[in-house]
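Peer 1: Here it is, the structure in full.
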Amino acid sequence: MVYLALQRHYNAPKNQPHNKTIAIQKCGNYPYEISLRFAGCQLKCGACYSASYSWHPCFINSNRVVNNKTINDLVNDYNALPTGQPPYNWMRIVGGEPLKNQNYVDFLFNFLKSIQNTHIFNNKVIIQTNGIYLGQELLGNQNTNFSNILKQHLNDLKKIHPQLQIVIEISIKGSNANEFQLISQSNPNLFQYNIGVYNALKNLNISNLRPTVVAGFGINESLLLPGSRVSKNTRILTILNSNRTPIFHNSGWSPDFKNLYNDFLQDCKNRNINFQKMPMHGFDPNSGWGRNAIVNAKKYIIKYIIIIF
Ligand code: SF4
């Protein structure tokens, strides 16, 4: 079964119900992005931006969550979007966890295969994932056929939409297994999949797929790395480890995280992408989702939250 979180366009009146599977959201430059939101997740991050429709098992009680939408329903909402120039920046696929299991993966790719006119969103799809399911299948269950299934989906997509690029953005939940447990409130053994899936996806060598990583719940701009700077007026929130160092501090990096960090920077260099550091998604206390995340974080991990001015 596939659970979706319904949305409303960013400029819809607040009293309008969430009733769209595909909606325009305010991200990037005008005319912003279009997004599709899945519901449910294997993890339970204390500062989850979408806890009400992500955390198991409470997500099914959210009045935004539905499990009866068909691919046709999504295509109809997609076709109803206003279009013009310039195009939307991209289509963002987000959750909850959009790649939670095989049903979710098939549903997502079958939807992408069913739409037309992908130039209206610049031919760019960004899938934000924790990578746990992909990692379990690609790294943990070597005897399954999952890599072939994924390749088949991407090959089919390439035939239908030759210009379409799929970016899978893996949100890394900590620089070691303890931090993973602290952030995700989940089994630390899952860290190996979260950290390992970037290379597993790269090794598939699929031309229309680009894996990338962000450090989830790191501070907005890293104060932790040499050469980092932040304006005096910027308010930053992050999470402290039990030894009082901020998460992602380089004193705690596991060998796997170090390798991942270096691989990521090397890959950026090879592609002429100007990243000097791994990007970090922190809490923005001034955004709607940031406020929700902080409310959740305070319930679960308050002693680990710090504010730096
Ligand atoms: S992985 Fe993402 S959706 Fe899942 S609980 Fe963590 S922040 Fe929420």
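Chain lettering (A, B, ...) mirrors the order of the structure tokens, residue numbering begins at 1 for each chain separately, and ligand numbering begins at 1 in order of display.
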Around ligand 1, out to 9 Å and counting only C-alpha atoms and all ligand atoms, which residues are there? I want them as a PyMOL selection string.

Peer 2: chain A and resi 39-51+53-56+94-98+128-132+171-173+183-185+216-217+293

Peer 1: Residues of the last selection are to be written out with C-alpha atoms, as an mmCIF file, in the first residue's frame.

Peer 2:
data_model
loop_
_atom_site.group_PDB
_atom_site.id
_atom_site.type_symbol
_atom_site.label_atom_id
_atom_site.label_comp_id
_atom_site.auth_asym_id
_atom_site.auth_seq_id
_atom_site.Cartn_x
_atom_site.Cartn_y
_atom_site.Cartn_z
ATOM 1 C CA ALA A 39 3.743 9.546 3.854
ATOM 2 C CA GLY A 40 5.267 7.150 6.371
ATOM 3 C CA CYS A 41 8.914 6.501 7.144
ATOM 4 C CA GLN A 42 11.107 3.771 8.675
ATOM 5 C CA LEU A 43 12.866 6.328 10.902
ATOM 6 C CA LYS A 44 11.503 8.600 13.607
ATOM 7 C CA CYS A 45 13.794 11.609 13.617
ATOM 8 C CA GLY A 46 13.154 13.692 16.735
ATOM 9 C CA ALA A 47 13.256 16.876 14.697
ATOM 10 C CA CYS A 48 11.346 15.547 11.688
ATOM 11 C CA TYR A 49 9.878 18.380 9.612
ATOM 12 C CA SER A 50 6.892 16.203 8.702
ATOM 13 C CA ALA A 51 6.385 14.057 11.814
ATOM 14 C CA TYR A 53 2.626 12.290 8.277
ATOM 15 C CA SER A 54 5.935 10.435 8.653
ATOM 16 C CA TRP A 55 6.213 8.836 12.039
ATOM 17 C CA HIS A 56 5.070 5.267 12.293
ATOM 18 C CA VAL A 94 9.712 14.115 -0.664
ATOM 19 C CA GLY A 95 8.189 12.424 2.346
ATOM 20 C CA GLY A 96 7.903 10.935 4.750
ATOM 21 C CA GLU A 97 10.074 8.509 2.876
ATOM 22 C CA PRO A 98 9.353 8.358 -0.870
ATOM 23 C CA GLN A 128 14.852 13.249 -1.058
ATOM 24 C CA THR A 129 15.389 9.972 0.773
ATOM 25 C CA ASN A 130 16.964 8.503 3.878
ATOM 26 C CA GLY A 131 18.247 5.713 1.591
ATOM 27 C CA ILE A 132 17.453 2.960 4.108
ATOM 28 C CA SER A 171 19.935 12.647 3.840
ATOM 29 C CA ILE A 172 22.756 11.375 6.054
ATOM 30 C CA LYS A 173 21.570 11.102 9.644
ATOM 31 C CA ILE A 183 18.942 11.832 15.346
ATOM 32 C CA SER A 184 16.674 9.118 13.970
ATOM 33 C CA GLN A 185 15.519 7.432 17.211
ATOM 34 C CA GLY A 216 20.450 16.024 7.655
ATOM 35 C CA PHE A 217 19.977 18.142 10.787
ATOM 36 C CA ALA A 293 10.761 20.438 13.886
#

Peer 1: Can you pull out every residue from segment 39-286 of chain A that DSSP, working from the backbone, puts in alpha helix (DSSP H), and format the result as a short mmCIF file (atom, residue, chain, number, x, y, z; two decimals) with N, CA and C atoms, in the first residue's frame?

Peer 2:
data_model
loop_
_atom_site.label_atom_id
_atom_site.label_comp_id
_atom_site.auth_asym_id
_atom_site.auth_seq_id
_atom_site.Cartn_x
_atom_site.Cartn_y
_atom_site.Cartn_z
N ALA A 51 6.67 15.17 10.91
CA ALA A 51 6.38 14.06 11.81
C ALA A 51 4.94 13.59 11.70
N SER A 52 4.00 14.52 11.55
CA SER A 52 2.58 14.14 11.60
C SER A 52 2.23 13.18 10.46
N TYR A 53 2.93 13.26 9.34
CA TYR A 53 2.63 12.29 8.28
C TYR A 53 3.80 11.38 7.95
N SER A 54 4.79 11.32 8.87
CA SER A 54 5.94 10.43 8.65
C SER A 54 6.06 9.35 9.72
N ILE A 71 -2.33 6.34 -9.92
CA ILE A 71 -1.41 7.10 -10.76
C ILE A 71 -2.19 8.08 -11.64
N ASN A 72 -3.36 7.68 -12.08
CA ASN A 72 -4.20 8.59 -12.87
C ASN A 72 -4.57 9.85 -12.09
N ASP A 73 -4.86 9.69 -10.79
CA ASP A 73 -5.17 10.87 -9.96
C ASP A 73 -3.98 11.84 -9.95
N LEU A 74 -2.78 11.26 -9.83
CA LEU A 74 -1.58 12.12 -9.80
C LEU A 74 -1.39 12.81 -11.15
N VAL A 75 -1.59 12.04 -12.21
CA VAL A 75 -1.40 12.63 -13.56
C VAL A 75 -2.42 13.75 -13.76
N ASN A 76 -3.65 13.56 -13.29
CA ASN A 76 -4.66 14.62 -13.43
C ASN A 76 -4.25 15.88 -12.69
N ASP A 77 -3.74 15.73 -11.47
CA ASP A 77 -3.28 16.91 -10.70
C ASP A 77 -2.09 17.56 -11.40
N TYR A 78 -1.22 16.73 -11.95
CA TYR A 78 -0.05 17.25 -12.68
C TYR A 78 -0.52 18.05 -13.89
N ASN A 79 -1.46 17.49 -14.66
CA ASN A 79 -1.93 18.16 -15.87
C ASN A 79 -2.68 19.45 -15.56
N GLN A 102 9.24 -1.47 -1.95
CA GLN A 102 9.10 -1.71 -3.40
C GLN A 102 7.84 -1.07 -3.98
N ASN A 103 6.73 -1.09 -3.21
CA ASN A 103 5.49 -0.49 -3.72
C ASN A 103 5.67 0.99 -3.97
N TYR A 104 6.34 1.66 -3.04
CA TYR A 104 6.56 3.11 -3.20
C TYR A 104 7.44 3.37 -4.43
N VAL A 105 8.51 2.57 -4.56
CA VAL A 105 9.44 2.76 -5.69
C VAL A 105 8.70 2.58 -7.01
N ASP A 106 7.92 1.50 -7.11
CA ASP A 106 7.20 1.23 -8.36
C ASP A 106 6.18 2.34 -8.65
N PHE A 107 5.46 2.75 -7.61
CA PHE A 107 4.43 3.78 -7.78
C PHE A 107 5.07 5.07 -8.30
N LEU A 108 6.18 5.46 -7.69
CA LEU A 108 6.84 6.71 -8.09
C LEU A 108 7.32 6.64 -9.54
N PHE A 109 8.02 5.57 -9.88
CA PHE A 109 8.56 5.52 -11.24
C PHE A 109 7.45 5.34 -12.28
N ASN A 110 6.41 4.60 -11.93
CA ASN A 110 5.30 4.45 -12.89
C ASN A 110 4.60 5.79 -13.10
N PHE A 111 4.52 6.59 -12.03
CA PHE A 111 3.96 7.94 -12.21
C PHE A 111 4.84 8.76 -13.16
N LEU A 112 6.15 8.75 -12.92
CA LEU A 112 7.05 9.56 -13.77
C LEU A 112 6.97 9.11 -15.23
N LYS A 113 6.76 7.82 -15.42
CA LYS A 113 6.66 7.32 -16.80
C LYS A 113 5.34 7.77 -17.44
N SER A 114 4.34 8.07 -16.62
CA SER A 114 3.01 8.36 -17.15
C SER A 114 2.80 9.83 -17.51
N ILE A 132 17.39 4.21 3.34
CA ILE A 132 17.45 2.96 4.11
C ILE A 132 16.97 1.77 3.27
N TYR A 133 15.83 1.93 2.62
CA TYR A 133 15.32 0.79 1.84
C TYR A 133 16.26 0.48 0.67
N LEU A 134 16.68 1.51 -0.05
CA LEU A 134 17.59 1.27 -1.18
C LEU A 134 18.86 0.59 -0.69
N GLY A 135 19.39 1.07 0.46
CA GLY A 135 20.62 0.49 1.00
C GLY A 135 20.44 -0.95 1.41
N PHE A 146 16.89 -6.34 -6.87
CA PHE A 146 16.46 -4.94 -6.80
C PHE A 146 17.24 -4.03 -7.73
N SER A 147 18.56 -4.25 -7.84
CA SER A 147 19.33 -3.33 -8.70
C SER A 147 18.84 -3.44 -10.14
N ASN A 148 18.43 -4.64 -10.58
CA ASN A 148 17.88 -4.77 -11.93
C ASN A 148 16.55 -4.04 -12.07
N ILE A 149 15.75 -4.12 -11.01
CA ILE A 149 14.44 -3.44 -11.06
C ILE A 149 14.66 -1.92 -11.19
N LEU A 150 15.60 -1.41 -10.38
CA LEU A 150 15.87 0.04 -10.41
C LEU A 150 16.42 0.44 -11.78
N LYS A 151 17.35 -0.36 -12.28
CA LYS A 151 17.92 -0.05 -13.60
C LYS A 151 16.82 -0.07 -14.67
N GLN A 152 15.92 -1.05 -14.57
CA GLN A 152 14.84 -1.15 -15.55
C GLN A 152 13.96 0.10 -15.52
N HIS A 153 13.60 0.53 -14.30
CA HIS A 153 12.78 1.75 -14.17
C HIS A 153 13.50 2.93 -14.83
N LEU A 154 14.78 3.07 -14.55
CA LEU A 154 15.51 4.24 -15.06
C LEU A 154 15.73 4.13 -16.57
N ASN A 155 15.95 2.93 -17.07
CA ASN A 155 16.07 2.75 -18.52
C ASN A 155 14.76 3.05 -19.23
N ASP A 156 13.67 2.57 -18.65
CA ASP A 156 12.35 2.86 -19.24
C ASP A 156 12.11 4.36 -19.27
N LEU A 157 12.45 5.00 -18.16
CA LEU A 157 12.26 6.46 -18.08
C LEU A 157 13.07 7.17 -19.15
N LYS A 158 14.27 6.67 -19.35
CA LYS A 158 15.15 7.30 -20.34
C LYS A 158 14.57 7.20 -21.75
N LYS A 159 13.94 6.07 -22.02
CA LYS A 159 13.32 5.92 -23.36
C LYS A 159 12.15 6.89 -23.51
N ILE A 160 11.38 7.05 -22.44
CA ILE A 160 10.18 7.90 -22.53
C ILE A 160 10.55 9.39 -22.45
N ALA A 177 27.37 5.78 13.97
CA ALA A 177 26.13 5.04 14.31
C ALA A 177 25.43 5.63 15.54
N ASN A 178 26.20 6.16 16.51
CA ASN A 178 25.56 6.74 17.70
C ASN A 178 24.77 8.00 17.35
N GLU A 179 25.38 8.82 16.49
CA GLU A 179 24.65 10.03 16.07
C GLU A 179 23.40 9.65 15.27
N PHE A 180 23.54 8.62 14.46
CA PHE A 180 22.38 8.16 13.68
C PHE A 180 21.24 7.81 14.64
N GLN A 181 21.58 7.09 15.72
CA GLN A 181 20.55 6.67 16.69
C GLN A 181 19.95 7.89 17.39
N LEU A 182 20.81 8.85 17.72
CA LEU A 182 20.36 10.06 18.40
C LEU A 182 19.38 10.85 17.51
N ILE A 183 19.75 11.02 16.26
CA ILE A 183 18.94 11.83 15.35
C ILE A 183 17.66 11.10 14.96
N SER A 184 17.80 9.82 14.61
CA SER A 184 16.67 9.12 13.97
C SER A 184 15.81 8.34 14.95
N PHE A 191 22.43 2.51 10.19
CA PHE A 191 23.37 3.54 9.71
C PHE A 191 24.16 3.06 8.50
N GLN A 192 24.53 1.78 8.50
CA GLN A 192 25.35 1.26 7.39
C GLN A 192 24.65 1.44 6.04
N TYR A 193 23.31 1.37 6.04
CA TYR A 193 22.58 1.53 4.78
C TYR A 193 22.47 3.00 4.41
N ASN A 194 22.22 3.83 5.44
CA ASN A 194 22.13 5.27 5.22
C ASN A 194 23.44 5.82 4.63
N ILE A 195 24.55 5.34 5.14
CA ILE A 195 25.85 5.88 4.73
C ILE A 195 26.36 5.18 3.46
N GLY A 196 25.93 3.92 3.24
CA GLY A 196 26.52 3.15 2.15
C GLY A 196 25.82 3.28 0.82
N VAL A 197 24.61 3.82 0.83
CA VAL A 197 23.79 3.75 -0.39
C VAL A 197 24.29 4.70 -1.48
N TYR A 198 24.98 5.78 -1.09
CA TYR A 198 25.48 6.74 -2.09
C TYR A 198 26.41 6.02 -3.08
N ASN A 199 27.37 5.30 -2.53
CA ASN A 199 28.31 4.58 -3.42
C ASN A 199 27.64 3.43 -4.14
N ALA A 200 26.70 2.77 -3.46
CA ALA A 200 25.99 1.66 -4.12
C ALA A 200 25.24 2.18 -5.34
N LEU A 201 24.64 3.36 -5.23
CA LEU A 201 23.91 3.92 -6.38
C LEU A 201 24.88 4.37 -7.46
N LYS A 202 26.01 4.98 -7.02
CA LYS A 202 27.00 5.41 -8.03
C LYS A 202 27.51 4.22 -8.83
N PRO A 255 35.07 6.19 9.98
CA PRO A 255 35.80 6.02 8.71
C PRO A 255 34.85 6.05 7.51
N ASP A 256 33.67 5.45 7.65
CA ASP A 256 32.71 5.44 6.53
C ASP A 256 32.27 6.86 6.16
N PHE A 257 32.04 7.67 7.21
CA PHE A 257 31.59 9.04 6.91
C PHE A 257 32.72 9.84 6.25
N LYS A 258 33.95 9.64 6.76
CA LYS A 258 35.10 10.33 6.15
C LYS A 258 35.20 9.98 4.67
N ASN A 259 35.09 8.69 4.36
CA ASN A 259 35.17 8.25 2.97
C ASN A 259 34.05 8.86 2.13
N LEU A 260 32.86 8.85 2.72
CA LEU A 260 31.72 9.41 1.99
C LEU A 260 31.96 10.89 1.70
N TYR A 261 32.44 11.59 2.71
CA TYR A 261 32.67 13.04 2.57
C TYR A 261 33.67 13.29 1.44
N ASN A 262 34.76 12.53 1.46
CA ASN A 262 35.80 12.72 0.43
C ASN A 262 35.29 12.32 -0.95
N ASP A 263 34.54 11.22 -1.02
CA ASP A 263 33.97 10.79 -2.32
C ASP A 263 33.06 11.86 -2.88
N PHE A 264 32.24 12.42 -1.99
CA PHE A 264 31.29 13.44 -2.43
C PHE A 264 32.02 14.66 -3.00
N LEU A 265 33.05 15.12 -2.29
CA LEU A 265 33.79 16.30 -2.78
C LEU A 265 34.50 15.99 -4.09
N GLN A 266 35.05 14.78 -4.19
CA GLN A 266 35.74 14.42 -5.42
C GLN A 266 34.76 14.37 -6.59
N ASP A 267 33.59 13.83 -6.33
CA ASP A 267 32.57 13.75 -7.37
C ASP A 267 32.16 15.15 -7.83
N CYS A 268 32.02 16.07 -6.87
CA CYS A 268 31.66 17.46 -7.22
C CYS A 268 32.76 18.06 -8.09
N LYS A 269 34.01 17.80 -7.72
CA LYS A 269 35.13 18.34 -8.49
C LYS A 269 35.08 17.79 -9.93
N ASN A 270 34.86 16.48 -10.05
CA ASN A 270 34.82 15.86 -11.37
C ASN A 270 33.71 16.45 -12.23
#

Peer 1: Could you give me, as a ChimeraX atom specification, each residue of segment 57-145 of chain A that DSSP assigns to strand (DSSP E) when run on this structure's backbone?

Peer 2: /A:65-66,91-94,124-129

Peer 1: Taking 4 positions as the minimum chain separation for residues in the same chain, which residues sit within 6 Å of Ser35 of chain A when counting only C-alpha atoms? Answer as a list in words.

Peer 2: Ile22, Ala23, Met91, Arg92 and Ile93 of chain A

Peer 1: Given the choices A:Met280, A:Ile168, A:Val2, A:Ile24, which gets closest to Thr212 of chain A if the distance is worked out from only C-alpha atoms?

Peer 2: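 Among the listed residues, the smallest separation from Thr212 of chain A belongs to A:Ile168.
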
Peer 1: If you count only C-alpha atoms, which residues fall within 9 Å of Gln163 of chain A, apart from same-chain ones fewer than 3 positions away, as a list in words?

Peer 2: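 Returned residues: Thr118, His119, Asn123, Lys124, Lys158 and Asn208 of chain A.
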
Peer 1: Go ahead and write the selection's residues with C-alpha atoms as a PDB file, in the first residue's frame.

Peer 2:
ATOM      1  CA  THR A 118       8.543  17.226 -18.359  1.00  0.00           C
ATOM      2  CA  HIS A 119      10.121  20.457 -19.618  1.00  0.00           C
ATOM      3  CA  ASN A 123      13.437  17.938 -16.688  1.00  0.00           C
ATOM      4  CA  LYS A 124      14.823  17.636 -13.195  1.00  0.00           C
ATOM      5  CA  LYS A 158      15.155   7.302 -20.336  1.00  0.00           C
ATOM      6  CA  ASN A 208      20.083   9.498 -15.957  1.00  0.00           C
TER       7      ASN A 208
END

Peer 1: Using only C-alpha atoms for the distances, tell me which of A:Thr144, A:Asn176, A:Ala80, A:Phe59 is nearest to Ile115 of chain A.

Peer 2: A:Ala80

Peer 1: For atom CA of Pro162 of chain A and atom CA of Ser207 of chain A, quote the distance in Å rounded to one decimal.

Peer 2: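 Here the two named atoms are 10.4 Å from each other.
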
Peer 1: Tell me which protein, DNA and RNA residues are within 8 Å of Gly28 of chain A, counting only C-alpha atoms, leaving out same-chain ones fewer than 3 positions away, and put them as a JSON list (two decimals) with N, CA and C atoms, in the first residue's frame.

Peer 2:
[["chain", "number", "residue", "atom", "x", "y", "z"],
["A", 32, "TYR", "N", 9.03, 28.70, -8.62],
["A", 32, "TYR", "CA", 9.22, 27.73, -7.55],
["A", 32, "TYR", "C", 9.22, 26.28, -8.05],
["A", 33, "GLU", "N", 8.84, 25.37, -7.17],
["A", 33, "GLU", "CA", 8.96, 23.94, -7.50],
["A", 33, "GLU", "C", 7.59, 23.28, -7.48],
["A", 89, "ASN", "N", 11.30, 25.14, -11.19],
["A", 89, "ASN", "CA", 12.73, 24.82, -11.03],
["A", 89, "ASN", "C", 13.01, 23.32, -11.15]]

Peer 1: Which neighbours of Val65 of chain A fall inside 7 Å, counting only C-alpha atoms, when residues of the same chain fewer than 5 positions from it are skipped, and could you give them as a PyMOL selection string?

Peer 2: chain A and resi 3-6+39+53+60

Peer 1: Next, write the just-selected residues to a file, as a PDB file, in the first residue's frame, keeping N, CA and C atoms as the atom set.

Peer 2:
ATOM      1  N   TYR A   3       1.123   5.285   0.751  1.00  0.00           N
ATOM      2  CA  TYR A   3       0.502   6.407   1.455  1.00  0.00           C
ATOM      3  C   TYR A   3       1.088   7.715   0.936  1.00  0.00           C
ATOM      4  N   LEU A   4       0.205   8.658   0.629  1.00  0.00           N
ATOM      5  CA  LEU A   4       0.637   9.985   0.196  1.00  0.00           C
ATOM      6  C   LEU A   4       0.162  11.023   1.205  1.00  0.00           C
ATOM      7  N   ALA A   5       0.894  12.131   1.309  1.00  0.00           N
ATOM      8  CA  ALA A   5       0.428  13.277   2.109  1.00  0.00           C
ATOM      9  C   ALA A   5      -0.081  14.325   1.129  1.00  0.00           C
ATOM     10  N   LEU A   6      -1.345  14.689   1.260  1.00  0.00           N
ATOM     11  CA  LEU A   6      -1.918  15.682   0.344  1.00  0.00           C
ATOM     12  C   LEU A   6      -1.388  17.077   0.689  1.00  0.00           C
ATOM     13  N   ALA A  39       3.926   9.556   2.398  1.00  0.00           N
ATOM     14  CA  ALA A  39       3.743   9.546   3.854  1.00  0.00           C
ATOM     15  C   ALA A  39       4.295   8.244   4.427  1.00  0.00           C
ATOM     16  N   TYR A  53       2.928  13.256   9.342  1.00  0.00           N
ATOM     17  CA  TYR A  53       2.626  12.290   8.277  1.00  0.00           C
ATOM     18  C   TYR A  53       3.803  11.376   7.951  1.00  0.00           C
ATOM     19  N   ILE A  60      -0.793   7.356   9.866  1.00  0.00           N
ATOM     20  CA  ILE A  60      -2.048   6.985   9.186  1.00  0.00           C
ATOM     21  C   ILE A  60      -3.240   7.737   9.774  1.00  0.00           C
TER      22      ILE A  60
END
